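Printed here is entry.txt (compact mmCIF, C-alpha atoms):
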# COMPACT_ATOMS: atom_id res chain seq x y z
CA MET R 20 75.92 39.25 50.83
CA ARG R 21 72.14 39.33 50.78
CA THR R 22 71.48 42.84 49.71
CA ARG R 23 67.72 43.35 49.53
CA ARG R 24 67.26 43.01 53.27
CA SER R 25 70.67 43.59 54.82
CA LEU R 26 70.97 47.33 54.40
CA ARG R 27 67.33 48.25 54.80
CA LYS R 28 67.99 48.35 58.54
CA THR R 29 70.69 50.99 58.16
CA LEU R 30 68.13 53.29 56.61
CA ALA R 31 65.53 52.81 59.34
CA VAL R 32 67.02 55.15 61.92
CA GLY R 33 66.44 58.68 63.07
CA ILE R 34 63.48 60.75 61.92
CA LEU R 35 61.89 61.33 58.57
CA ALA R 36 63.94 64.10 57.01
CA VAL R 37 62.06 64.55 53.77
CA SER R 38 58.36 64.55 53.00
CA LEU R 39 56.99 61.19 51.94
CA ALA R 40 54.36 62.85 49.80
CA GLY R 41 54.56 63.69 46.14
CA CYS R 42 57.20 61.30 44.82
CA SER R 43 55.91 61.21 41.28
CA ALA R 44 59.14 61.54 39.34
CA THR R 45 58.84 62.26 35.65
CA SER R 46 60.89 60.78 32.84
CA ALA R 47 63.76 62.63 31.26
CA GLU R 48 62.54 64.86 28.47
CA THR R 49 62.78 63.45 24.98
CA ASP R 50 62.93 64.97 21.54
CA ALA R 51 59.88 65.21 19.30
CA LYS R 52 60.49 61.79 17.78
CA SER R 53 60.36 59.83 21.03
CA SER R 54 57.33 58.30 22.72
CA SER R 55 56.37 58.72 26.38
CA SER R 56 57.36 55.15 27.19
CA PRO R 57 60.45 54.80 29.41
CA THR R 58 61.59 51.91 27.23
CA THR R 59 61.52 53.85 23.97
CA LYS R 60 64.46 53.06 21.71
CA VAL R 61 64.66 56.65 20.44
CA ILE R 62 67.60 58.39 22.10
CA PRO R 63 66.68 61.92 23.26
CA ALA R 64 68.73 64.72 21.76
CA GLN R 65 69.82 65.95 25.17
CA ASP R 66 71.90 64.78 28.08
CA GLY R 67 70.35 63.11 31.10
CA PRO R 68 70.36 64.23 34.75
CA GLY R 69 73.78 64.77 36.25
CA VAL R 70 75.39 65.13 32.83
CA THR R 71 77.07 68.23 31.41
CA ALA R 72 79.30 68.77 28.41
CA ASP R 73 82.33 67.80 30.48
CA ALA R 74 81.13 65.74 33.48
CA ILE R 75 78.99 62.76 34.54
CA THR R 76 77.90 62.61 38.18
CA VAL R 77 77.36 59.21 39.79
CA VAL R 78 76.72 57.81 43.27
CA ASP R 79 78.48 54.74 44.62
CA ASN R 80 76.05 53.21 47.11
CA TYR R 81 78.87 51.23 48.71
CA TYR R 82 80.86 54.33 49.66
CA PHE R 83 81.93 54.57 53.30
CA ASP R 84 84.85 56.13 55.14
CA ALA R 85 86.72 52.82 54.86
CA THR R 86 86.21 52.56 51.10
CA ALA R 87 86.81 56.23 50.29
CA PRO R 88 90.48 55.75 49.27
CA VAL R 89 89.45 53.00 46.82
CA ASP R 90 86.81 55.20 45.17
CA GLU R 91 89.20 58.13 44.99
CA ALA R 92 91.94 56.03 43.36
CA ILE R 93 89.60 54.45 40.81
CA PHE R 94 87.81 57.66 39.84
CA ASP R 95 91.18 59.41 39.45
CA ALA R 96 92.49 56.57 37.26
CA TYR R 97 89.42 56.54 35.00
CA ASN R 98 89.54 60.31 34.62
CA ALA R 99 93.25 60.23 33.83
CA ALA R 100 92.41 57.75 31.06
CA GLY R 101 89.81 60.05 29.52
CA GLY R 102 86.74 59.46 31.65
CA ILE R 103 83.55 58.22 29.99
CA ALA R 104 82.18 59.53 26.69
CA GLY R 105 84.70 62.38 26.81
CA ARG R 106 83.48 63.52 30.22
CA LYS R 107 85.05 63.55 33.64
CA LEU R 108 83.53 61.31 36.30
CA VAL R 109 82.31 63.05 39.44
CA ARG R 110 81.38 61.03 42.52
CA ALA R 111 78.55 62.43 44.63
CA ASP R 112 77.47 61.33 48.10
CA GLN R 113 74.28 59.38 48.69
CA PRO R 114 71.37 61.56 49.81
CA GLN R 115 70.80 61.57 53.55
CA ILE R 116 67.64 59.59 54.23
CA ASN R 117 66.51 59.43 57.83
CA VAL R 118 63.32 57.52 58.47
CA PRO R 119 61.81 56.15 61.67
CA ALA R 120 62.36 52.52 62.55
CA THR R 121 58.66 51.97 61.97
CA ALA R 122 58.83 53.17 58.36
CA THR R 123 57.55 50.67 55.83
CA GLU R 124 59.61 49.55 52.87
CA ALA R 125 57.39 51.65 50.60
CA GLU R 126 58.01 54.73 52.76
CA GLN R 127 61.75 54.15 52.67
CA ASP R 128 61.66 53.80 48.89
CA GLN R 129 59.54 56.92 48.50
CA ALA R 130 61.81 58.98 50.76
CA THR R 131 64.92 57.85 48.89
CA CYS R 132 63.44 58.63 45.49
CA LEU R 133 62.19 62.04 46.61
CA ALA R 134 65.61 62.89 48.05
CA TYR R 135 67.22 62.17 44.68
CA GLN R 136 64.53 64.22 42.98
CA GLN R 137 65.07 67.24 45.24
CA ARG R 138 68.87 67.33 45.31
CA LYS R 139 70.57 70.14 43.41
CA ASP R 140 73.36 67.99 41.98
CA LYS R 141 71.41 65.58 39.80
CA ILE R 142 72.67 62.01 39.42
CA PHE R 143 73.09 60.07 36.19
CA ALA R 144 73.87 56.66 37.69
CA VAL R 145 73.64 54.86 41.02
CA LEU R 146 76.29 52.13 41.26
CA ASN R 147 76.36 49.19 43.68
CA ASP R 148 72.68 49.37 44.56
CA VAL R 149 72.55 47.38 47.78
CA ILE R 150 68.79 47.56 48.31
CA GLY R 151 67.35 46.00 45.17
CA SER R 152 63.89 47.55 45.52
CA VAL R 153 61.80 47.38 42.37
CA LYS R 154 59.71 50.45 43.27
CA ARG R 155 62.72 52.53 44.28
CA ASN R 156 64.64 51.72 41.11
CA ALA R 157 61.56 52.33 38.96
CA CYS R 158 61.17 55.77 40.51
CA LEU R 159 64.85 56.60 39.92
CA ASN R 160 64.67 55.31 36.35
CA LYS R 161 61.68 57.59 35.67
CA GLN R 162 63.92 60.49 36.66
CA GLY R 163 66.39 59.35 34.01
CA THR R 164 68.83 57.90 36.56
CA VAL R 165 70.44 54.58 35.66
CA VAL R 166 70.78 51.99 38.46
CA GLN R 167 73.28 49.14 38.65
CA PRO R 168 72.49 46.43 41.25
CA TRP R 169 75.09 44.92 43.54
CA SER R 170 77.13 42.19 41.88
CA GLY R 171 76.02 38.79 43.17
CA SER R 172 72.46 39.85 43.91
CA VAL R 173 69.19 38.10 43.13
CA VAL R 174 66.44 40.54 42.14
CA ASP R 175 62.68 40.21 41.69
CA SER R 176 61.40 38.89 38.38
CA SER R 177 59.58 42.19 37.79
CA MET R 178 62.66 44.38 38.28
CA PHE R 179 63.52 45.03 34.67
CA GLN R 180 59.95 45.45 33.48
CA GLU R 181 59.19 48.12 36.06
CA ALA R 182 62.72 49.58 36.19
CA PRO R 183 63.96 49.32 32.59
CA TYR R 184 67.12 51.41 33.10
CA THR R 185 68.38 49.07 35.82
CA VAL R 186 71.18 46.81 34.56
CA GLY R 187 73.60 44.55 36.43
CA THR R 188 76.64 42.64 35.20
CA GLY R 189 76.52 40.29 38.19
CA THR R 190 72.75 40.27 38.71
CA LEU R 191 70.27 37.44 38.23
CA THR R 192 66.48 37.52 38.45
CA ASN R 193 64.87 35.00 40.75
CA LYS R 194 62.84 33.74 37.77
CA ARG R 195 65.96 32.83 35.78
CA LEU R 196 67.51 31.27 38.90
CA ALA R 197 64.34 29.25 39.52
CA THR R 198 64.35 27.97 35.95
CA ALA R 199 68.02 27.01 35.68
CA TRP R 200 69.05 25.94 39.18
CA PRO R 201 67.06 22.67 39.52
CA ALA R 202 68.93 20.91 36.69
CA LEU R 203 72.24 22.13 38.13
CA LEU R 204 71.38 20.82 41.61
CA LYS R 205 70.79 17.43 40.02
CA SER R 206 73.80 17.41 37.69
CA THR R 207 76.24 18.46 40.43
CA GLY R 208 75.04 15.71 42.77
CA PHE R 209 73.62 17.84 45.57
CA LEU R 210 70.42 15.80 45.69
CA LYS R 211 72.12 12.42 45.16
CA ASP R 212 71.05 9.81 47.74
CA SER R 213 68.63 12.27 49.30
CA ILE R 214 65.72 10.59 51.04
CA LYS R 215 63.65 13.72 51.35
CA PHE R 216 64.41 17.28 50.39
CA ALA R 217 62.73 20.61 50.96
CA VAL R 218 62.73 24.15 49.59
CA VAL R 219 62.73 27.11 51.97
CA SER R 220 61.82 30.44 50.37
CA ASP R 221 62.87 33.61 52.11
CA GLY R 222 59.96 36.05 52.07
CA VAL R 223 61.88 38.77 50.21
CA GLY R 224 60.14 40.56 47.35
CA ASP R 225 58.36 38.02 45.16
CA ASP R 226 60.73 35.14 46.04
CA ASP R 227 57.93 33.13 47.71
CA LYS R 228 55.76 33.50 44.62
CA ILE R 229 58.52 32.43 42.22
CA ALA R 230 59.53 29.53 44.46
CA ALA R 231 55.98 28.14 44.33
CA SER R 232 55.18 28.90 40.69
CA THR R 233 58.51 28.10 39.04
CA PHE R 234 61.24 26.67 41.27
CA VAL R 235 59.34 23.78 42.86
CA PRO R 236 57.78 22.61 39.54
CA GLU R 237 61.17 22.80 37.82
CA LEU R 238 62.74 20.79 40.64
CA GLU R 239 60.01 18.20 40.29
CA LYS R 240 60.75 17.89 36.56
CA ALA R 241 64.51 17.66 37.11
CA VAL R 242 64.49 15.22 40.03
CA GLY R 243 61.25 13.29 39.58
CA SER R 244 59.88 14.01 43.04
CA THR R 245 58.14 16.97 44.63
CA PRO R 246 59.91 18.77 47.47
CA GLN R 247 58.06 20.22 50.42
CA LEU R 248 57.93 24.02 50.31
CA PHE R 249 58.36 26.07 53.48
CA LYS R 250 58.24 29.84 53.84
CA PHE R 251 60.63 31.74 56.09
CA ASN R 252 60.27 35.48 56.70
CA SER R 253 63.93 36.47 56.61
CA ILE R 254 63.21 40.21 56.41
CA SER R 255 62.14 40.63 60.02
CA ASN R 256 64.03 43.33 61.92
CA ASP R 257 63.18 41.68 65.24
CA GLN R 258 66.10 39.36 65.98
CA LYS R 259 64.31 37.47 68.73
CA ALA R 260 61.33 36.89 66.44
CA LEU R 261 63.70 35.81 63.65
CA GLN R 262 65.41 33.28 65.92
CA ALA R 263 62.05 31.95 67.13
CA GLN R 264 60.88 31.59 63.56
CA ALA R 265 64.12 29.80 62.60
CA LEU R 266 63.67 27.35 65.49
CA SER R 267 60.10 26.66 64.41
CA MET R 268 61.29 26.06 60.85
CA VAL R 269 64.00 23.64 62.00
CA LEU R 270 61.54 21.64 64.09
CA LYS R 271 59.25 21.34 61.05
CA LEU R 272 62.16 20.15 58.90
CA LYS R 273 63.13 17.57 61.53
CA GLN R 274 59.58 16.31 61.82
CA ALA R 275 59.36 15.99 58.03
CA GLY R 276 62.54 13.88 57.92
CA VAL R 277 64.30 16.25 55.52
CA ASP R 278 67.98 15.64 54.72
CA ARG R 279 68.54 18.33 52.05
CA VAL R 280 67.39 21.95 52.18
CA VAL R 281 67.51 24.28 49.19
CA PHE R 282 67.25 27.89 50.33
CA PHE R 283 65.67 30.01 47.60
CA GLY R 284 65.96 33.77 47.34
CA SER R 285 68.05 36.68 48.54
CA GLY R 286 67.52 36.43 52.29
CA SER R 287 69.91 34.94 54.84
CA LEU R 288 70.31 31.21 55.44
CA GLY R 289 72.27 31.86 58.65
CA PRO R 290 69.45 31.80 61.24
CA ILE R 291 68.12 28.45 59.99
CA ALA R 292 71.57 26.85 59.73
CA MET R 293 72.51 27.96 63.24
CA ALA R 294 69.19 26.84 64.75
CA GLY R 295 69.55 23.55 62.89
CA ALA R 296 73.00 22.93 64.37
CA LYS R 297 71.71 23.56 67.89
CA GLN R 298 68.77 21.19 67.36
CA GLY R 299 70.86 18.43 65.78
CA LEU R 300 69.23 18.77 62.35
CA ASP R 301 71.42 16.61 60.10
CA VAL R 302 70.97 18.20 56.69
CA LYS R 303 72.97 19.63 53.82
CA TYR R 304 72.09 23.07 52.55
CA ALA R 305 72.30 24.69 49.13
CA TRP R 306 71.82 28.41 48.57
CA PRO R 307 72.57 30.90 45.77
CA TYR R 308 75.59 32.61 47.31
CA SER R 309 79.26 31.87 47.56
CA ALA R 310 79.78 31.70 51.33
CA VAL R 311 78.32 31.69 54.81
CA PRO R 312 80.80 33.96 56.61
CA ALA R 313 82.16 32.84 59.98
CA GLY R 314 81.28 34.63 63.20
CA ASN R 315 78.04 35.44 64.99
CA GLY R 316 77.57 31.78 65.88
CA VAL R 317 78.47 30.34 62.46
CA THR R 318 80.94 27.50 63.04
CA PRO R 319 83.10 25.54 60.56
CA ASP R 320 80.70 22.59 60.92
CA ILE R 321 77.81 24.79 59.83
CA GLN R 322 79.86 26.14 56.93
CA ALA R 323 80.83 22.62 55.84
CA ALA R 324 77.13 21.70 55.55
CA VAL R 325 76.52 24.45 52.97
CA THR R 326 77.10 24.31 49.22
CA GLY R 327 76.93 27.64 47.46
CA TYR R 328 75.78 28.02 43.87
CA ALA R 329 77.04 31.47 43.05
CA TRP R 330 78.50 33.74 40.39
CA SER R 331 80.15 36.69 42.12
CA LEU R 332 83.91 36.97 42.54
CA ALA R 333 83.31 40.03 44.70
CA ASP R 334 80.91 38.36 47.13
CA VAL R 335 81.59 38.38 50.85
CA GLY R 336 84.03 35.64 51.80
CA VAL R 337 85.72 35.10 48.42
CA PRO R 338 89.50 35.09 49.14
CA VAL R 339 91.64 37.54 47.18
CA GLY R 340 93.78 34.60 46.03
CA THR R 341 90.73 33.07 44.37
CA GLN R 342 89.91 36.38 42.74
CA LYS R 343 93.41 36.76 41.32
CA GLU R 344 93.51 33.15 40.12
CA MET R 345 90.16 33.29 38.36
CA LEU R 346 90.78 36.72 36.89
CA ALA R 347 94.36 36.04 35.79
CA SER R 348 93.46 36.13 32.09
CA ASN R 349 91.10 39.09 32.39
CA PRO R 350 92.80 42.31 31.22
CA ALA R 351 90.09 44.52 32.71
CA ALA R 352 90.62 42.93 36.12
CA ALA R 353 94.38 43.37 35.89
CA THR R 354 93.88 47.04 35.09
CA CYS R 355 91.47 47.47 38.01
CA LEU R 356 93.66 45.76 40.58
CA SER R 357 96.74 47.63 39.35
CA ILE R 358 95.02 50.84 40.43
CA LEU R 359 95.06 49.58 44.01
CA ALA R 360 98.75 48.71 43.76
CA LYS R 361 99.64 52.16 42.40
CA ALA R 362 97.68 53.78 45.21
CA HIS R 363 99.42 51.53 47.80
CA LEU R 364 96.08 50.11 48.95
CA ASP R 365 95.95 46.65 50.50
CA LEU R 366 94.72 44.12 47.95
CA ALA R 367 93.22 41.66 50.45
CA GLN R 368 91.12 44.37 52.09
CA ASN R 369 90.07 46.30 49.00
CA ALA R 370 89.97 44.01 45.97
CA SER R 371 86.23 43.26 46.08
CA THR R 372 85.33 46.92 46.53
CA ALA R 373 87.55 47.88 43.60
CA LEU R 374 86.26 45.13 41.31
CA ARG R 375 82.63 46.05 41.93
CA LEU R 376 83.27 49.70 41.17
CA CYS R 377 85.37 48.96 38.08
CA ASP R 378 82.68 46.63 36.76
CA GLY R 379 80.05 49.34 37.06
CA LEU R 380 82.19 52.02 35.46
CA ASN R 381 83.30 49.68 32.66
CA LEU R 382 79.67 48.92 31.85
CA LEU R 383 78.81 52.62 31.78
CA LYS R 384 81.78 53.35 29.55
CA GLN R 385 81.28 50.53 27.06
CA ALA R 386 77.52 51.05 26.79
CA LEU R 387 77.58 54.83 26.45
CA GLU R 388 80.53 54.94 24.08
CA GLY R 389 79.03 52.15 21.99
CA SER R 390 75.53 53.61 21.83
CA GLY R 391 76.14 55.57 18.65
CA SER R 392 74.87 58.75 20.30
CA LYS R 393 76.76 61.88 21.30
CA PHE R 394 74.30 62.35 24.14
CA VAL R 395 74.61 60.72 27.55
CA ASN R 396 71.24 59.63 28.88
CA ALA R 397 69.45 56.50 30.06
CA GLN R 398 68.16 55.66 26.59
CA ALA R 399 71.66 55.89 25.10
CA PHE R 400 72.95 53.69 27.90
CA MET R 401 70.33 51.02 27.16
CA ALA R 402 70.98 51.21 23.42
CA GLY R 403 74.64 50.51 24.14
CA VAL R 404 73.84 47.69 26.57
CA GLU R 405 71.74 45.93 23.95
CA LYS R 406 74.67 46.05 21.52
CA LEU R 407 77.24 44.65 23.95
CA GLY R 408 76.77 40.90 23.64
CA THR R 409 79.40 39.31 25.88
CA PHE R 410 80.68 41.66 28.58
CA ASP R 411 84.16 41.23 30.04
CA SER R 412 83.02 41.36 33.67
CA VAL R 413 85.51 41.50 36.54
CA THR R 414 83.02 40.35 39.18
CA THR R 415 81.39 37.29 37.65
CA PHE R 416 82.40 34.23 35.63
CA LYS R 417 80.45 34.99 32.48
CA SER R 418 78.29 37.98 31.70
CA GLY R 419 76.44 39.24 28.66
CA PHE R 420 73.62 41.44 27.46
CA GLY R 421 71.29 41.92 24.53
CA PRO R 422 67.76 43.03 23.73
CA GLY R 423 65.59 42.29 26.76
CA ARG R 424 68.52 41.10 28.91
CA ASN R 425 69.28 43.40 31.84
CA ASP R 426 70.64 40.77 34.24
CA GLY R 427 74.04 39.82 32.89
CA VAL R 428 74.82 36.54 34.68
CA LEU R 429 75.32 33.65 32.26
CA ALA R 430 77.02 31.07 34.50
CA LEU R 431 77.52 30.06 38.11
CA ARG R 432 79.80 27.64 39.98
CA LYS R 433 79.70 25.54 43.12
CA SER R 434 81.34 27.01 46.18
CA VAL R 435 82.35 24.74 49.06
CA TYR R 436 83.95 25.21 52.46
CA THR R 437 87.68 24.38 52.51
CA PRO R 438 89.08 23.63 56.00
CA SER R 439 92.71 24.35 55.03
CA CYS R 440 91.96 28.05 54.48
CA LYS R 441 88.82 28.21 56.63
CA CYS R 442 87.09 29.76 53.64
CA PHE R 443 84.75 28.99 50.77
CA LYS R 444 86.27 28.31 47.36
CA TYR R 445 84.72 27.98 43.96
CA THR R 446 85.16 24.56 42.43
CA GLY R 447 84.52 22.92 39.08
CA SER R 448 83.69 24.52 35.77
CA ASP R 449 81.06 27.06 34.75
CA LEU R 450 77.45 25.90 35.03
CA PRO R 451 75.53 27.71 32.26
CA ILE R 452 72.41 29.72 33.02
CA SER R 453 70.10 30.32 30.10
CA GLY R 454 66.96 32.39 29.71

What is this file in structure tokens?
Amino acid sequence: MRTRRSLRKTLAVGILAVSLAGCSATSAETDAKSSSSPTTKVIPAQDGPGVTADAITVVDNYYFDATAPVDEAIFDAYNAAGGIAGRKLVRADQPQINVPATATEAEQDQATCLAYQQRKDKIFAVLNDVIGSVKRNACLNKQGTVVQPWSGSVVDSSMFQEAPYTVGTGTLTNKRLATAWPALLKSTGFLKDSIKFAVVSDGVGDDDKIAASTFVPELEKAVGSTPQLFKFNSISNDQKALQAQALSMVLKLKQAGVDRVVFFGSGSLGPIAMAGAKQGLDVKYAWPYSAVPAGNGVTPDIQAAVTGYAWSLADVGVPVGTQKEMLASNPAAATCLSILAKAHLDLAQNASTALRLCDGLNLLKQALEGSGSKFVNAQAFMAGVEKLGTFDSVTTFKSGFGPGRNDGVLALRKSVYTPSCKCFKYTGSDLPISG
């Protein structure tokens, strides 16, 4: 799932329901010892927003009518086991943000942040952030609200500098991906026997910038030749314009004689792959996600041409059998999935939703209870995160944190299309990601 663009469209409907002016959220108050910096290591002697002596209020951004029973079962199970930091977990709804279709990304971010600021029931943490906006998360962090990105997402290189209380177990910055991926593309044989290969960056956030400044030079060092770099604006809301742009891109790739395409960033490869199939473009694709789901014109032949380099066990298209197999020795995963069984919820339909939510709550619990503070606030959360070291994630192969490390991904694997199940499956061993 490509999160930074995919759900923006769901916000761009209706009319603007809150004023776009005045979103200048202030940091949570600190005690006399703390500085005004949001990254101060002094833990304030007071609880953060949405926290009382007996409750912590959080928002699950992936909460819908269909997922409501999963959230209810998991929140009930965590509360029955003592909650987090001696407090009961309370799930609150997302604020209602209605903006016109013409609203800019900045206006959407501003409206969202202001809605959180104005709500009466304050929020301590936003889980499963499906937008991945640096400015939006920075604004929420300044209010003292912790944000956890969607597991499997690629975020801008500036995310954790501007939004220091944003932490993801299954998150990777595009800068770390750009640094580590080239050597893995070579070592796994994707570029073997390639006559000419190209990089297509997706136009999301600062992906184009990182592709040019880091990814292409690192590829050149790893492979010994310089790929052509193309830019594709995958964030367009105009489907006809997107298809026309994809066709133009495919014709350029054909003219250049390219036989391998590495798609860089968090946008969607689908439009290019489908246009390529129609135009007879004979290439193999690599992209940083586990699957290209079937449907909407995506055929098995298109899927077979794609190799994923991914890290999320909760990504779209990962079969529940693969999840159970790869998480068989993970006690936290067994506990999470057992909640579904006790609630009589279908595992195949709900496992990914449950794993994502459990991962977020486990991180909150371990970080806050390991912070050394009796107070629950963003600074305590970050103090606990920095102490964690390896984190027993249930959504990614290997995850860990430490000082200056907010994106937890430490390894990825290849994912290839398997005709027998008509699905993508992870293959091979962990491919380490440093940095």

Open item on the list: Quick check, in Å to one decimal: how far apart do atom CA of Lys240 of chain R and atom CA of Gly427 of chain R lie?
Closed with: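 Separation between atom CA of Lys240 of chain R and atom CA of Gly427 of chain R: 25.9 Å.
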
Proximity to Val413 of chain R - best of R:Cys132, R:Leu238, R:Ala202, R:Leu382, all atoms listed in the file =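 Distance minimum relative to Val413 of chain R lands on R:Leu382.
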
Please identify every residue of segment 351-390 of chain R that has at least one atom no farther than 7 Å from an atom of segment 87-97 of chain R, counting only C-alpha atoms, and for each give the shortest atom pair and the distance in Å to one decimal, arranged by chain then increasing number, as a tab-separated table.
residue	atom	partner	partner_atom	distance
R:Ile358	CA	R:Ile93	CA	6.5
R:Ala362	CA	R:Ala92	CA	6.4
R:Ala373	CA	R:Val89	CA	6.3

Could you write out that same residue set with C-alpha atoms as a short mmCIF file (atom, residue, chain, number, x, y, z; two decimals), in the frame of the given file?
data_model
loop_
_atom_site.label_atom_id
_atom_site.label_comp_id
_atom_site.auth_asym_id
_atom_site.auth_seq_id
_atom_site.Cartn_x
_atom_site.Cartn_y
_atom_site.Cartn_z
CA ILE R 358 95.02 50.84 40.43
CA ALA R 362 97.68 53.78 45.21
CA ALA R 373 87.55 47.88 43.60
#

The residue from R:Ser176, R:Thr233, R:Thr318, R:Asn349 with the smallest atom-to-atom distance to Cys442 of chain R, counting only C-alpha atoms, is R:Thr318

Between atom CA of Ala100 of chain R and atom CA of Tyr82 of chain R, distance in Å (one decimal) |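 The value is 22.2 Å.
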
### Message
Report, in Å to a single decimal, how far apart atom CA of Tyr308 of chain R and atom CA of Val335 of chain R are.
### Response
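Going from atom CA of Val335 of chain R over to atom CA of Tyr308 of chain R, I get 9.0 Å.
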
- Query: Could you name the residues that touch Ala329 of chain R at 8 Å or less, counting all atoms listed in the file, but leaving out those on the same chain fewer than 6 positions away, as number ranges by chain?
  - Reply: R: 171, 307-309, 431-434

Do a neighbour search on segment 379-381 of chain R at 7 Å with all atoms listed in the file, toss out local chain neighbours closer than 3 positions, and write the hits as a list in words.
Leu146, Gln167, Arg375, Leu376, Lys384 and Gln385 of chain R

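All protein and nucleic acid residues in the vicinity of (68.3, 54.8, 31.7), that is within 9 Å when counting all atoms listed in the file, are Pro57, Thr58, Gly67, Phe143, Ala144, Asn160, Lys161, Gln162, Gly163, Thr164, Val165, Val166, Ala182, Pro183, Tyr184, Thr185, Val186, Asn396, Ala397, Gln398, Ala399, Phe400 and Met401 of chain R.
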
Handout entry: Nearest candidate to Pro63 of chain R (options R:Ser392, R:Asn256, R:Thr415, R:Ser244; using all atoms listed in the file)
Key =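 Comparing R:Ser392, R:Asn256, R:Thr415, R:Ser244 against Pro63 of chain R, the winner is R:Ser392.
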
Within 12 Å of Lys417 of chain R, counting all atoms listed in the file, which residues qualify if same-chain residues fewer than 4 places away don't, as an mmCIF file with C-alpha atoms, keeping the file's coordinate frame?
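part14.cif written:
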data_model
loop_
_atom_site.group_PDB
_atom_site.id
_atom_site.type_symbol
_atom_site.label_atom_id
_atom_site.label_comp_id
_atom_site.auth_asym_id
_atom_site.auth_seq_id
_atom_site.Cartn_x
_atom_site.Cartn_y
_atom_site.Cartn_z
ATOM 1 C CA THR R 188 76.640 42.640 35.200
ATOM 2 C CA GLY R 189 76.520 40.290 38.190
ATOM 3 C CA THR R 190 72.750 40.270 38.710
ATOM 4 C CA LEU R 191 70.270 37.440 38.230
ATOM 5 C CA ALA R 329 77.040 31.470 43.050
ATOM 6 C CA TRP R 330 78.500 33.740 40.390
ATOM 7 C CA SER R 331 80.150 36.690 42.120
ATOM 8 C CA LEU R 332 83.910 36.970 42.540
ATOM 9 C CA MET R 345 90.160 33.290 38.360
ATOM 10 C CA LEU R 346 90.780 36.720 36.890
ATOM 11 C CA ASN R 349 91.100 39.090 32.390
ATOM 12 C CA GLY R 408 76.770 40.900 23.640
ATOM 13 C CA THR R 409 79.400 39.310 25.880
ATOM 14 C CA PHE R 410 80.680 41.660 28.580
ATOM 15 C CA ASP R 411 84.160 41.230 30.040
ATOM 16 C CA SER R 412 83.020 41.360 33.670
ATOM 17 C CA VAL R 413 85.510 41.500 36.540
ATOM 18 C CA ASP R 426 70.640 40.770 34.240
ATOM 19 C CA GLY R 427 74.040 39.820 32.890
ATOM 20 C CA VAL R 428 74.820 36.540 34.680
ATOM 21 C CA LEU R 429 75.320 33.650 32.260
ATOM 22 C CA ALA R 430 77.020 31.070 34.500
ATOM 23 C CA LEU R 431 77.520 30.060 38.110
ATOM 24 C CA ARG R 432 79.800 27.640 39.980
ATOM 25 C CA SER R 448 83.690 24.520 35.770
ATOM 26 C CA ASP R 449 81.060 27.060 34.750
ATOM 27 C CA LEU R 450 77.450 25.900 35.030
ATOM 28 C CA PRO R 451 75.530 27.710 32.260
ATOM 29 C CA ILE R 452 72.410 29.720 33.020
ATOM 30 C CA SER R 453 70.100 30.320 30.100
#

Residue nearest Lys194 of chain R among R:Val404, R:Ala323, R:Ala386, R:Met178 (counting only C-alpha atoms)
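Of R:Val404, R:Ala323, R:Ala386, R:Met178, the one nearest Lys194 of chain R, counting only C-alpha atoms, is R:Met178.
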